[in-house]
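Raw structure26.txt, compact mmCIF, C-alpha atoms:
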```txt
# COMPACT_ATOMS: atom_id res chain seq x y z
CA HIS A 1 105.41 82.62 68.59
CA THR A 2 107.02 80.25 66.10
CA ALA A 3 106.56 82.86 63.36
CA GLY A 4 107.56 85.71 65.65
CA ASP A 5 111.04 84.38 66.35
CA PRO A 6 112.21 84.37 62.70
CA LEU A 7 110.59 87.78 62.22
CA LEU A 8 112.71 89.16 65.07
CA ARG A 9 115.87 87.56 63.71
CA VAL A 10 115.35 88.89 60.18
CA LEU A 11 114.47 92.35 61.49
CA ALA A 12 117.56 92.41 63.74
CA LYS A 13 119.81 91.65 60.75
CA ARG A 14 118.17 94.33 58.62
CA LEU A 15 118.47 96.94 61.37
CA THR A 16 122.14 96.09 61.96
CA ALA A 17 122.87 96.49 58.23
CA HIS A 18 121.17 99.88 57.90
CA LEU A 19 122.18 101.66 61.12
CA PRO A 20 125.02 104.24 61.27
CA PRO A 21 128.48 102.80 62.08
CA LYS A 22 128.56 103.88 65.75
CA ALA A 23 124.97 102.92 66.53
CA VAL A 24 124.21 100.24 69.15
CA LEU A 25 121.27 97.86 68.71
CA ALA A 26 119.75 95.79 71.54
CA ARG A 27 116.61 93.74 72.01
CA LEU A 28 114.97 94.74 75.29
CA GLY A 29 112.54 91.83 75.30
CA GLY A 30 109.44 90.63 73.51
CA ASP A 31 109.12 92.64 70.31
CA GLU A 32 110.92 95.78 71.60
CA PHE A 33 114.31 96.94 70.36
CA ALA A 34 116.41 99.85 71.60
CA ILE A 35 118.82 101.77 69.38
CA VAL A 36 121.48 104.19 70.61
CA VAL A 37 122.74 106.55 67.92
CA ASN A 38 125.97 108.36 68.83
CA ASP A 39 127.24 111.79 67.75
CA VAL A 40 123.76 113.14 66.96
CA THR A 41 123.46 116.91 66.85
CA ASP A 42 119.76 117.53 66.21
CA GLU A 43 116.28 116.04 65.86
CA ALA A 44 116.38 115.96 62.07
CA GLU A 45 119.32 113.53 62.06
CA LEU A 46 117.59 111.22 64.55
CA LEU A 47 114.36 111.31 62.55
CA ARG A 48 116.26 110.29 59.39
CA VAL A 49 117.70 107.27 61.21
CA ALA A 50 114.27 106.42 62.62
CA GLU A 51 112.75 106.47 59.16
CA GLN A 52 115.49 104.15 57.87
CA VAL A 53 114.63 101.78 60.71
CA ARG A 54 110.88 101.99 60.21
CA VAL A 55 110.94 101.01 56.53
CA GLN A 56 112.75 97.74 57.32
CA ILE A 57 109.41 96.19 58.31
CA ASN A 58 107.91 97.04 54.91
CA GLU A 59 109.96 94.54 52.92
CA PRO A 60 108.34 91.05 52.98
CA ILE A 61 109.44 88.61 55.67
CA HIS A 62 108.60 85.00 54.84
CA TYR A 63 107.86 82.12 57.17
CA ALA A 64 106.47 78.69 56.20
CA SER A 65 105.82 79.94 52.65
CA LYS A 66 103.73 82.85 53.95
CA VAL A 67 104.42 86.55 54.32
CA ILE A 68 104.45 87.96 57.87
CA ASN A 69 102.94 91.43 57.91
CA GLY A 70 104.03 93.81 60.65
CA GLY A 71 104.15 97.43 61.73
CA MET A 72 106.55 99.48 63.79
CA SER A 73 106.14 102.25 66.36
CA ILE A 74 109.22 104.28 67.31
CA GLY A 75 109.68 106.58 70.30
CA ILE A 76 112.72 108.89 70.32
CA SER A 77 114.57 110.98 72.91
CA LEU A 78 117.61 113.24 72.50
CA PHE A 79 120.64 113.69 74.82
CA PRO A 80 121.12 116.00 76.66
CA ARG A 81 117.88 117.89 75.93
CA ASP A 82 115.49 115.24 77.26
CA ALA A 83 117.70 113.48 79.83
CA ARG A 84 121.36 113.25 80.84
CA VAL A 85 121.52 109.61 81.95
CA ALA A 86 120.75 106.38 80.12
CA ALA A 87 117.79 105.44 82.32
CA GLY A 88 116.23 108.86 81.76
CA LEU A 89 116.66 108.65 78.00
CA LEU A 90 115.11 105.19 77.96
CA GLU A 91 112.16 106.43 80.02
CA CYS A 92 111.62 109.38 77.67
CA SER A 93 111.77 107.15 74.59
CA ASP A 94 109.33 104.74 76.21
CA THR A 95 106.94 107.62 77.00
CA ALA A 96 107.04 108.71 73.33
CA LEU A 97 106.46 105.10 72.27
CA ASN A 98 103.42 104.75 74.54
CA ASP A 99 102.09 108.04 73.24
CA ILE A 100 102.16 106.85 69.62
CA LYS A 101 100.60 103.50 70.60
CA ALA A 102 97.75 105.30 72.34
CA ALA A 103 97.13 107.26 69.14
CA GLY A 104 96.69 104.10 67.08
CA ARG A 105 100.22 102.67 66.59
CA GLY A 106 102.60 102.95 63.68
CA GLY A 107 105.02 105.80 62.93
CA VAL A 108 107.67 107.87 64.69
CA ARG A 109 107.22 110.15 67.71
CA MET A 110 109.76 112.51 69.27
CA PHE A 111 109.57 112.91 73.04
CA SER A 112 108.28 116.19 74.45
CA ARG A 113 107.74 117.51 77.97
CA ASP A 114 103.99 117.57 77.33
CA MET A 115 104.06 113.78 76.95
CA HIS A 116 105.88 113.40 80.25
CA GLU A 117 103.35 115.58 82.03
CA ALA A 118 100.48 113.65 80.42
CA ALA A 119 102.03 110.32 81.49
CA GLU A 120 102.46 111.58 85.04
CA ALA A 121 98.86 112.85 85.10
CA ALA A 122 97.61 109.48 83.82
CA ALA A 123 99.62 107.62 86.48
CA LEU A 124 98.18 109.91 89.16
CA GLN A 125 94.63 109.21 87.96
CA VAL A 126 95.22 105.45 88.06
CA ALA A 127 96.66 105.70 91.60
CA GLN A 128 93.67 107.78 92.63
CA ALA A 129 91.26 105.22 91.18
CA HIS A 130 92.92 102.43 93.19
CA LEU A 131 92.46 104.59 96.29
CA ILE A 132 88.76 105.15 95.50
CA VAL A 133 88.09 101.42 95.32
CA ARG A 134 90.29 100.49 98.29
CA ASP A 135 88.78 103.11 100.63
CA ASP A 136 85.19 102.74 99.35
CA LEU A 137 84.87 106.41 98.34
CA ILE A 138 82.27 106.05 95.55
CA VAL A 139 79.03 107.98 96.12
CA PRO A 140 76.45 107.56 93.31
CA HIS A 141 74.50 110.66 92.28
CA TYR A 142 71.29 110.69 90.27
CA GLN A 143 70.41 113.17 87.52
CA PRO A 144 66.67 113.34 86.81
CA LYS A 145 65.33 112.69 83.32
CA VAL A 146 62.25 114.83 82.75
CA ASN A 147 59.31 115.13 80.39
CA LEU A 148 60.13 118.33 78.48
CA HIS A 149 56.43 119.23 78.20
CA THR A 150 55.43 118.82 81.85
CA GLY A 151 58.70 118.92 83.80
CA GLU A 152 57.75 115.61 85.46
CA THR A 153 60.63 113.33 86.43
CA VAL A 154 60.42 110.05 84.50
CA GLY A 155 63.70 108.43 85.51
CA PHE A 156 67.31 108.94 86.65
CA GLU A 157 70.79 108.46 85.29
CA ALA A 158 73.20 107.18 87.94
CA LEU A 159 76.46 109.12 87.72
CA LEU A 160 79.77 108.24 89.32
CA ARG A 161 80.98 110.60 92.03
CA TRP A 162 83.60 110.05 94.70
CA ASN A 163 84.52 111.81 97.92
CA ASP A 164 88.06 113.14 98.16
CA PRO A 165 88.93 113.46 101.88
CA VAL A 166 90.43 116.91 101.24
CA GLN A 167 88.78 118.36 98.12
CA GLY A 168 85.29 116.92 98.58
CA LEU A 169 83.03 115.53 95.87
CA GLN A 170 84.80 114.68 92.57
CA SER A 171 83.63 113.69 89.08
CA PRO A 172 84.81 110.77 86.88
CA ALA A 173 86.98 113.23 84.92
CA THR A 174 89.55 112.98 87.72
CA VAL A 175 90.04 109.23 87.10
CA LEU A 176 89.30 108.82 83.37
CA GLU A 177 92.56 106.97 82.77
CA ALA A 178 91.33 104.15 85.01
CA PHE A 179 88.60 103.23 82.53
CA LYS A 180 91.22 102.08 80.00
CA ASP A 181 92.26 99.25 82.31
CA TYR A 182 90.00 96.20 82.49
CA GLU A 183 90.67 95.20 86.10
CA LEU A 184 90.40 98.70 87.51
CA ALA A 185 87.39 99.74 85.41
CA THR A 186 85.59 96.53 86.39
CA ARG A 187 86.27 97.09 90.09
CA ILE A 188 84.94 100.65 89.87
CA GLY A 189 81.93 99.48 87.82
CA ASP A 190 81.15 96.67 90.26
CA ALA A 191 81.33 99.04 93.24
CA MET A 192 79.17 101.64 91.50
CA GLN A 193 76.55 99.07 90.48
CA THR A 194 76.40 97.60 93.97
CA LYS A 195 75.83 101.02 95.53
CA VAL A 196 73.17 102.05 92.98
CA LEU A 197 71.27 98.79 93.44
CA ALA A 198 71.54 99.15 97.22
CA ASP A 199 69.98 102.64 96.95
CA MET A 200 67.16 101.25 94.80
CA ALA A 201 66.56 98.39 97.27
CA ARG A 202 66.38 100.94 100.09
CA TRP A 203 63.79 102.98 98.15
CA ILE A 204 61.68 99.85 97.72
CA GLU A 205 61.93 99.12 101.47
CA GLN A 206 60.77 102.68 102.17
CA GLY A 207 57.64 102.04 100.11
CA LEU A 208 58.60 104.46 97.33
CA THR A 209 57.50 103.85 93.75
CA LEU A 210 60.66 103.32 91.70
CA LEU A 211 61.50 105.14 88.50
CA PRO A 212 63.86 103.57 85.91
CA VAL A 213 67.57 104.14 86.60
CA SER A 214 70.26 104.19 83.88
CA ILE A 215 73.70 102.81 84.75
CA ASN A 216 76.74 103.55 82.56
CA VAL A 217 79.06 100.74 81.52
CA ALA A 218 82.67 101.43 80.48
CA PRO A 219 83.73 99.75 77.20
CA VAL A 220 86.51 97.66 78.79
CA GLU A 221 84.05 96.06 81.23
CA PHE A 222 82.86 93.87 78.35
CA LEU A 223 86.29 92.42 77.59
CA ARG A 224 85.60 89.23 79.52
CA ASP A 225 82.63 87.20 78.46
CA ASP A 226 80.74 87.22 81.76
CA PHE A 227 79.51 90.80 82.17
CA ALA A 228 75.82 89.96 81.69
CA GLU A 229 75.91 87.00 84.09
CA ARG A 230 77.61 89.00 86.83
CA PHE A 231 75.21 91.92 86.40
CA LEU A 232 72.10 89.73 86.50
CA LYS A 233 73.40 87.98 89.62
CA ARG A 234 73.88 91.35 91.31
CA LEU A 235 70.31 92.35 90.40
CA ALA A 236 68.98 89.12 91.92
CA GLN A 237 70.94 89.68 95.13
CA HIS A 238 69.30 93.11 95.57
CA ARG A 239 65.89 91.92 94.33
CA ILE A 240 65.54 94.75 91.83
CA PRO A 241 62.89 94.20 89.13
CA HIS A 242 64.64 94.21 85.76
CA LYS A 243 62.17 96.67 84.23
CA TYR A 244 63.63 99.47 86.37
CA ILE A 245 67.16 99.08 84.98
CA GLU A 246 68.65 100.58 81.83
CA LEU A 247 72.29 100.09 80.83
CA GLU A 248 73.99 102.89 78.91
CA ILE A 249 76.82 102.07 76.53
CA THR A 250 78.71 104.37 74.19
CA GLU A 251 78.71 103.91 70.44
CA TYR A 252 82.50 103.53 70.69
CA VAL A 253 82.23 100.14 72.41
CA LEU A 254 80.30 98.60 69.51
CA GLY A 255 83.14 99.02 67.03
CA GLU A 256 86.06 98.04 69.25
CA ARG A 257 87.83 94.77 69.92
CA GLY A 258 85.64 92.38 71.82
CA SER A 259 82.47 93.61 70.11
CA GLU A 260 81.27 90.00 69.90
CA TYR A 261 81.29 89.92 73.72
CA VAL A 262 79.27 93.14 73.77
CA ALA A 263 76.67 91.75 71.36
CA ARG A 264 76.26 88.55 73.38
CA ALA A 265 75.97 90.41 76.70
CA LEU A 266 73.43 92.91 75.36
CA ARG A 267 71.22 90.21 73.87
CA LEU A 268 71.27 88.25 77.12
CA LEU A 269 70.42 91.37 79.15
CA LYS A 270 67.70 92.41 76.72
CA LYS A 271 66.16 88.94 76.95
CA ALA A 272 66.12 89.34 80.75
CA GLY A 273 64.05 92.53 80.40
CA ILE A 274 66.80 95.14 80.84
CA ARG A 275 66.70 98.18 78.58
CA ILE A 276 69.75 99.23 76.52
CA ALA A 277 70.54 102.87 75.76
CA LEU A 278 73.10 104.05 73.20
CA ASP A 279 74.84 107.11 74.62
CA ASP A 280 76.34 110.00 72.63
CA PHE A 281 74.48 108.86 69.52
CA GLY A 282 75.69 110.35 66.25
CA THR A 283 79.27 111.03 67.35
CA GLY A 284 80.64 107.72 66.00
CA HIS A 285 80.94 106.36 62.48
CA SER A 286 78.50 103.45 62.55
CA SER A 287 75.35 104.74 64.25
CA PHE A 288 72.76 103.37 61.83
CA THR A 289 74.41 99.94 61.64
CA ASP A 290 74.45 99.81 65.44
CA LEU A 291 70.70 100.38 65.63
CA ARG A 292 70.16 97.50 63.22
CA ASP A 293 72.57 95.01 64.74
CA TYR A 294 72.23 95.59 68.48
CA PRO A 295 69.17 95.39 70.80
CA VAL A 296 68.91 99.12 71.50
CA ASP A 297 65.80 100.59 73.20
CA CYS A 298 66.87 104.23 73.51
CA ILE A 299 69.28 106.68 71.89
CA LYS A 300 70.73 109.68 73.68
CA ILE A 301 71.54 112.90 71.81
CA ASP A 302 75.07 114.07 72.57
CA ARG A 303 75.47 117.14 74.78
CA ASP A 304 77.42 119.01 72.08
CA PHE A 305 74.50 118.67 69.64
CA VAL A 306 72.10 119.97 72.28
CA GLN A 307 74.28 123.00 73.05
CA ARG A 308 74.59 123.97 69.37
CA THR A 309 71.01 123.26 68.31
CA PRO A 310 69.48 126.77 68.81
CA LYS A 311 72.13 128.59 66.77
CA ASP A 312 73.20 126.03 64.15
CA LYS A 313 70.71 125.20 61.42
CA SER A 314 72.61 122.12 60.24
CA ILE A 315 72.76 120.69 63.79
CA ARG A 316 69.02 121.30 64.17
CA ALA A 317 68.46 119.30 60.99
CA ILE A 318 70.62 116.44 62.32
CA VAL A 319 68.75 116.38 65.64
CA LYS A 320 65.40 116.41 63.84
CA ALA A 321 66.57 113.49 61.68
CA MET A 322 67.63 111.57 64.82
CA CYS A 323 64.21 112.12 66.39
CA GLN A 324 62.45 110.96 63.22
CA LEU A 325 64.71 107.90 63.03
CA ALA A 326 63.94 107.04 66.66
CA ALA A 327 60.22 107.39 66.04
CA ASP A 328 60.36 105.20 62.91
CA LEU A 329 62.27 102.49 64.81
CA SER A 330 60.04 102.75 67.92
CA LEU A 331 62.98 103.86 70.07
CA ASP A 332 62.97 106.36 72.92
CA ILE A 333 65.17 109.41 72.50
CA VAL A 334 66.70 111.46 75.32
CA ALA A 335 68.63 114.73 75.06
CA LYS A 336 71.62 115.32 77.40
CA GLY A 337 73.03 118.55 78.76
CA ILE A 338 69.99 120.85 78.41
CA GLU A 339 70.89 124.15 80.03
CA SER A 340 68.37 126.66 78.66
CA GLN A 341 64.68 126.92 77.94
CA GLU A 342 65.55 127.78 74.34
CA GLN A 343 67.36 124.45 73.91
CA SER A 344 64.39 122.60 75.44
CA LEU A 345 61.89 124.27 73.08
CA VAL A 346 64.00 123.58 69.98
CA LEU A 347 64.32 119.91 71.01
CA GLN A 348 60.57 119.61 71.51
CA THR A 349 59.98 121.12 68.07
CA ALA A 350 62.38 118.52 66.63
CA GLY A 351 60.44 115.70 68.26
CA CYS A 352 62.45 115.01 71.45
CA PHE A 353 60.33 114.99 74.61
CA ILE A 354 62.65 113.58 77.32
CA GLY A 355 65.79 115.34 78.50
CA GLN A 356 68.22 115.94 81.33
CA GLY A 357 70.55 118.76 82.26
CA TYR A 358 71.19 121.71 84.55
CA LEU A 359 67.99 123.42 83.38
CA PHE A 360 66.11 120.86 85.45
CA ALA A 361 68.58 119.55 88.05
CA LYS A 362 72.20 118.65 88.63
CA ALA A 363 73.10 115.12 89.71
CA LEU A 364 71.63 114.60 93.20
CA PRO A 365 72.72 112.42 96.13
CA ALA A 366 70.51 109.43 96.94
CA ASP A 367 68.56 111.20 99.71
CA LYS A 368 67.59 114.06 97.38
CA ALA A 369 66.58 111.59 94.67
CA SER A 370 64.35 109.81 97.18
CA GLU A 371 62.60 113.14 97.88
CA ILE A 372 61.67 113.33 94.20
CA LEU A 373 60.29 109.78 94.41
CA ARG A 374 58.19 110.76 97.44
CA ARG A 375 56.72 113.71 95.55
```
In structure tokens, how does this file's structure come out?
Amino acid sequence: HTAGDPLLRVLAKRLTAHLPPKAVLARLGGDEFAIVVNDVTDEAELLRVAEQVRVQINEPIHYASKVINGGMSIGISLFPRDARVAAGLLECSDTALNDIKAAGRGGVRMFSRDMHEAAEAAALQVAQAHLIVRDDLIVPHYQPKVNLHTGETVGFEALLRWNDPVQGLQSPATVLEAFKDYELATRIGDAMQTKVLADMARWIEQGLTLLPVSINVAPVEFLRDDFAERFLKRLAQHRIPHKYIELEITEYVLGERGSEYVARALRLLKKAGIRIALDDFGTGHSSFTDLRDYPVDCIKIDRDFVQRTPKDKSIRAIVKAMCQLAADLSLDIVAKGIESQEQSLVLQTAGCFIGQGYLFAKALPADKASEILRR
């Protein structure tokens, strides 16, 4: 903060010196400024002013004999096209600013109606997610994993579903925005885990022989350094043997902020006997490093690869290389999204012998999964 204050003062002076004569500059709070440019006729003129503003952060700003490095994101709206009142213009500019931040920060973004619709859709998803947790609407479903040679079920992946009182069963796609928020994603994850473990405990009480169950973990759930402890405590409460649990993480989470928390949690869970699966393998930029640095037991071939394998020679070669890599590293490999016998045969030829998808079964409610266990 002590360095931030002089940065703001220097930047305010630079902006004042380089803005058009009738422009108004204000600091809204924190590190956010607002600029009103009068007598603007078109986007091009506004964009020129925005670029003049943006470059002011490029010149060095010194504090305590050191250079403060910074970046700037700018959201823009135009009167009267985007809004006719000040509050509306500010909201539109803020929407454009949030849009550029979501894309990685830095640069200039002009407001568009598409952004507004996207922001409204995101807000609706977040509100819906709060409703799901508050009203206890989560209903886990279980997609079988099968031996591609024999068709025998060898495990399940637990998938999030929720019951809309009007529209019926819904998928996670209807609340994706919620998984960007730590508190909300954690509440959904906790509720989902509790229900899955309760189903497994019920199967044990019924005398059924368990099969391993995979549970997905959203990246933001790792952002506090107690995920592993909370998960292990929940397992103990339901008396589920650790060997029947596999946690699925995406490759994305391994390269994001908080990756040190992820590494610690995974090592603790692995030590406790819980398997770790790397989902959507091959779609990120650091796959091979991940396999070396993290305690991974299984890799899952992305659905898009599976769909394209029969017709695309290069994709077939990539899948074959993945299978060979898994074999060399003594890892299991599972293919997602198998929808045809042709895809299954090509995968088997490549060296993949476990898969899941509509060819075998959709995600099933707990009572249907228990029927498979009885058989």
* Residue with smallest distance to Lys362 (chain A) - pool A:Arg113, A:Arg264, A:Lys336, A:Lys180, counting only C-alpha atoms ->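 Counting only C-alpha atoms, the residue closest to Lys362 (chain A) is A:Lys336.
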Please work out which residues fall within 10 Å of (69.6, 113.1, 84.0), coordinates as given in the file, with only C-alpha atoms counting, and return them as an mmCIF file with C-alpha atoms, keeping the file's coordinate frame.
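What follows is the written file part-v6.cif:
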```
data_model
loop_
_atom_site.group_PDB
_atom_site.id
_atom_site.type_symbol
_atom_site.label_atom_id
_atom_site.label_comp_id
_atom_site.auth_asym_id
_atom_site.auth_seq_id
_atom_site.Cartn_x
_atom_site.Cartn_y
_atom_site.Cartn_z
ATOM 1 C CA HIS A 141 74.500 110.660 92.280
ATOM 2 C CA TYR A 142 71.290 110.690 90.270
ATOM 3 C CA GLN A 143 70.410 113.170 87.520
ATOM 4 C CA PRO A 144 66.670 113.340 86.810
ATOM 5 C CA LYS A 145 65.330 112.690 83.320
ATOM 6 C CA VAL A 146 62.250 114.830 82.750
ATOM 7 C CA THR A 153 60.630 113.330 86.430
ATOM 8 C CA VAL A 154 60.420 110.050 84.500
ATOM 9 C CA GLY A 155 63.700 108.430 85.510
ATOM 10 C CA PHE A 156 67.310 108.940 86.650
ATOM 11 C CA GLU A 157 70.790 108.460 85.290
ATOM 12 C CA ALA A 158 73.200 107.180 87.940
ATOM 13 C CA LEU A 159 76.460 109.120 87.720
ATOM 14 C CA VAL A 213 67.570 104.140 86.600
ATOM 15 C CA SER A 214 70.260 104.190 83.880
ATOM 16 C CA VAL A 334 66.700 111.460 75.320
ATOM 17 C CA ALA A 335 68.630 114.730 75.060
ATOM 18 C CA LYS A 336 71.620 115.320 77.400
ATOM 19 C CA GLY A 337 73.030 118.550 78.760
ATOM 20 C CA ILE A 338 69.990 120.850 78.410
ATOM 21 C CA ILE A 354 62.650 113.580 77.320
ATOM 22 C CA GLY A 355 65.790 115.340 78.500
ATOM 23 C CA GLN A 356 68.220 115.940 81.330
ATOM 24 C CA GLY A 357 70.550 118.760 82.260
ATOM 25 C CA TYR A 358 71.190 121.710 84.550
ATOM 26 C CA PHE A 360 66.110 120.860 85.450
ATOM 27 C CA ALA A 361 68.580 119.550 88.050
ATOM 28 C CA LYS A 362 72.200 118.650 88.630
ATOM 29 C CA ALA A 363 73.100 115.120 89.710
ATOM 30 C CA LEU A 364 71.630 114.600 93.200
#
```
* Structure fact -> A straight line from CA of Pro212 (chain A) to CA of Pro295 (chain A) spans 18.0 Å
* Mind checking which residues fall within 8 Å of region 70-79 of chain A, counting all atoms listed in the file, ignoring those fewer than 5 positions away in the same chain, and posting them as a VMD selection string? => chain A and resid 42 to 43 46 50 54 57 to 58 84 89 to 90 92 to 98 100 to 101 105 to 111
* Fewer than 3 positions away in the same chain doesn't count, so skip those; otherwise give me all residues within 10 Å of Val319 (chain A), counting all atoms listed in the file, as a list in words. => Gly282, Ile301, Asp302, Phe305, Val306, Thr309, Lys313, Ser314, Ile315, Arg316, Met322, Cys323, Gln324, Leu325, Ala335, Val346, Leu347, Ala350, Gly351 and Cys352 of chain A
* Please identify all polymer residues within 7 Å of Asp199 (chain A), counting all atoms listed in the file, omitting same-chain residues fewer than 4 positions from it, and present them as a list in words. =>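 Near Asp199 (chain A), the qualifying residues are Lys195, Trp203 and Ala366 of chain A.
Across the structure, CA of Leu131 (chain A) and CA of Thr250 (chain A) are spaced 26.0 Å apart.
With CA of Leu291 (chain A) on one side and CA of Glu152 (chain A) on the other, the separation reads 28.2 Å.
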